[in-house]
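Visitor: Below is the structure I would like to discuss, written out as structure tokens.
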Amino acid sequence: GFPSFYNGLAFEVITIGLSEAYRTGLIDPAFPELEVGDLHPGGEHFDPLGLADTFDLDEMKVAEIKHARLSMLAWLGFLSQAVATNCDNPFGFGSETWPSYIDGAVGPFANWQAHLANPVSENVWKYIGLESTAGYV
């Protein structure tokens with residue numbers, strides 16, 4: 001379908017390439033207020049919502065880093081869940097099958113629903129081979 005992967009890739013390579021060429025000075029800047037080598041997207045004082053006056057900027061920088069790290073950890077959890085519940089090996093090493101949601105792999109929401117329905121048996125211990133012997137609740 002449109003946009004195909006290659007159309008999207010070509011668009012991204014061109015747009016990112018142009019922005020990097022502007023940033024490094026290979027091409028004249030499209031906006032005269034931007035200086036060559038300016039590392040701030042939109043210019044150093046780009047703040048259309050006026051948030052720099054409302055919040056402490058140094059605190060917000062630290063909060064952004066913390067949130068980014070937390071989101072990376074959450075994404076790792078999604079990937080780990082997909083491998084643990086859909087591969088023939090819970091850690092994915094030497095696995096013959098890999099998760100494909102198109103082919104019907106169980107996703108995180110379905111795993112969460114199964115865990116809520118039966119928290120004693122449907123948990124991480126089941127997938128690493130230490131299944132609970134308590135049975136169903």
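Ordering of the structure tokens sets the chain letters (A, B, ...), residue numbers begin anew at 1 in every chain, and ligands are numbered from 1 in the order given.
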Please, which residues of chain A, numbered as in this document, come out helix (DSSP H, G or I) from DSSP, as a ChimeraX atom specification?

Guide: /A:5-24,51-54,57-86,101-103,108-117,124-127

Visitor: May I have the residues within 12 Å of Trp98 (chain A) as a PyMOL selection string, using only C-alpha atoms and disregarding those fewer than 5 positions away in the same chain?

Guide: chain A and resi 79-93+103-106

Visitor: What does the file look like for those residues with N, CA and C atoms, as an mmCIF file, in the first residue's frame?

Guide:
```
data_model
loop_
_atom_site.group_PDB
_atom_site.id
_atom_site.type_symbol
_atom_site.label_atom_id
_atom_site.label_comp_id
_atom_site.auth_asym_id
_atom_site.auth_seq_id
_atom_site.Cartn_x
_atom_site.Cartn_y
_atom_site.Cartn_z
ATOM 1 N N LEU A 79 9.067 -5.862 24.369
ATOM 2 C CA LEU A 79 9.823 -6.801 23.535
ATOM 3 C C LEU A 79 10.076 -8.111 24.274
ATOM 4 N N SER A 80 10.429 -8.019 25.539
ATOM 5 C CA SER A 80 10.683 -9.235 26.334
ATOM 6 C C SER A 80 9.428 -10.079 26.453
ATOM 7 N N GLN A 81 8.299 -9.418 26.675
ATOM 8 C CA GLN A 81 7.034 -10.142 26.775
ATOM 9 C C GLN A 81 6.719 -10.854 25.475
ATOM 10 N N ALA A 82 6.947 -10.193 24.356
ATOM 11 C CA ALA A 82 6.640 -10.799 23.059
ATOM 12 C C ALA A 82 7.505 -12.025 22.819
ATOM 13 N N VAL A 83 8.782 -11.934 23.150
ATOM 14 C CA VAL A 83 9.675 -13.079 22.947
ATOM 15 C C VAL A 83 9.336 -14.206 23.920
ATOM 16 N N ALA A 84 9.092 -13.860 25.195
ATOM 17 C CA ALA A 84 8.844 -14.894 26.203
ATOM 18 C C ALA A 84 7.556 -15.662 25.950
ATOM 19 N N THR A 85 6.517 -14.995 25.470
ATOM 20 C CA THR A 85 5.229 -15.671 25.324
ATOM 21 C C THR A 85 4.978 -16.239 23.940
ATOM 22 N N ASN A 86 5.807 -15.906 22.952
ATOM 23 C CA ASN A 86 5.529 -16.362 21.594
ATOM 24 C C ASN A 86 6.633 -17.201 20.964
ATOM 25 N N CYS A 87 7.802 -17.271 21.571
ATOM 26 C CA CYS A 87 8.890 -18.082 21.022
ATOM 27 C C CYS A 87 8.874 -19.460 21.670
ATOM 28 N N ASP A 88 9.504 -20.435 21.005
ATOM 29 C CA ASP A 88 9.563 -21.763 21.602
ATOM 30 C C ASP A 88 10.606 -21.826 22.721
ATOM 31 N N ASN A 89 11.455 -20.830 22.840
ATOM 32 C CA ASN A 89 12.413 -20.711 23.927
ATOM 33 C C ASN A 89 12.107 -19.390 24.629
ATOM 34 N N PRO A 90 11.890 -19.376 25.959
ATOM 35 C CA PRO A 90 11.460 -18.145 26.614
ATOM 36 C C PRO A 90 12.456 -17.001 26.527
ATOM 37 N N PHE A 91 13.723 -17.277 26.293
ATOM 38 C CA PHE A 91 14.715 -16.211 26.199
ATOM 39 C C PHE A 91 15.078 -15.909 24.753
ATOM 40 N N GLY A 92 14.543 -16.657 23.798
ATOM 41 C CA GLY A 92 14.721 -16.386 22.391
ATOM 42 C C GLY A 92 15.992 -16.939 21.775
ATOM 43 N N PHE A 93 16.890 -17.520 22.574
ATOM 44 C CA PHE A 93 18.153 -18.021 22.026
ATOM 45 C C PHE A 93 17.899 -19.274 21.201
ATOM 46 N N ASP A 103 0.751 -13.007 12.159
ATOM 47 C CA ASP A 103 0.519 -14.449 12.170
ATOM 48 C C ASP A 103 -0.206 -14.913 13.422
ATOM 49 N N GLY A 104 -0.654 -13.995 14.255
ATOM 50 C CA GLY A 104 -1.463 -14.367 15.417
ATOM 51 C C GLY A 104 -0.711 -14.477 16.723
ATOM 52 N N ALA A 105 0.435 -13.838 16.856
ATOM 53 C CA ALA A 105 1.157 -13.876 18.127
ATOM 54 C C ALA A 105 0.351 -13.128 19.188
ATOM 55 N N VAL A 106 0.469 -13.575 20.421
ATOM 56 C CA VAL A 106 -0.249 -12.965 21.537
ATOM 57 C C VAL A 106 0.452 -11.665 21.910
#
```

Visitor: For CA of Leu76 (chain A) and CA of Pro99 (chain A), quote the distance in Å rounded to one decimal.

Guide: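 Distance reported for this atom pair: 14.5 Å.
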
Visitor: Would you compute the distance between CA of Gly77 (chain A) and CA of Trp112 (chain A)? Give it in Å to one decimal.

Guide: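 Calculated distance between CA of Gly77 (chain A) and CA of Trp112 (chain A) is 12.6 Å.
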
Visitor: CA of Ile27 (chain A) to CA of Ile14 (chain A): how many Å, to one decimal?

Guide: 13.4 Å
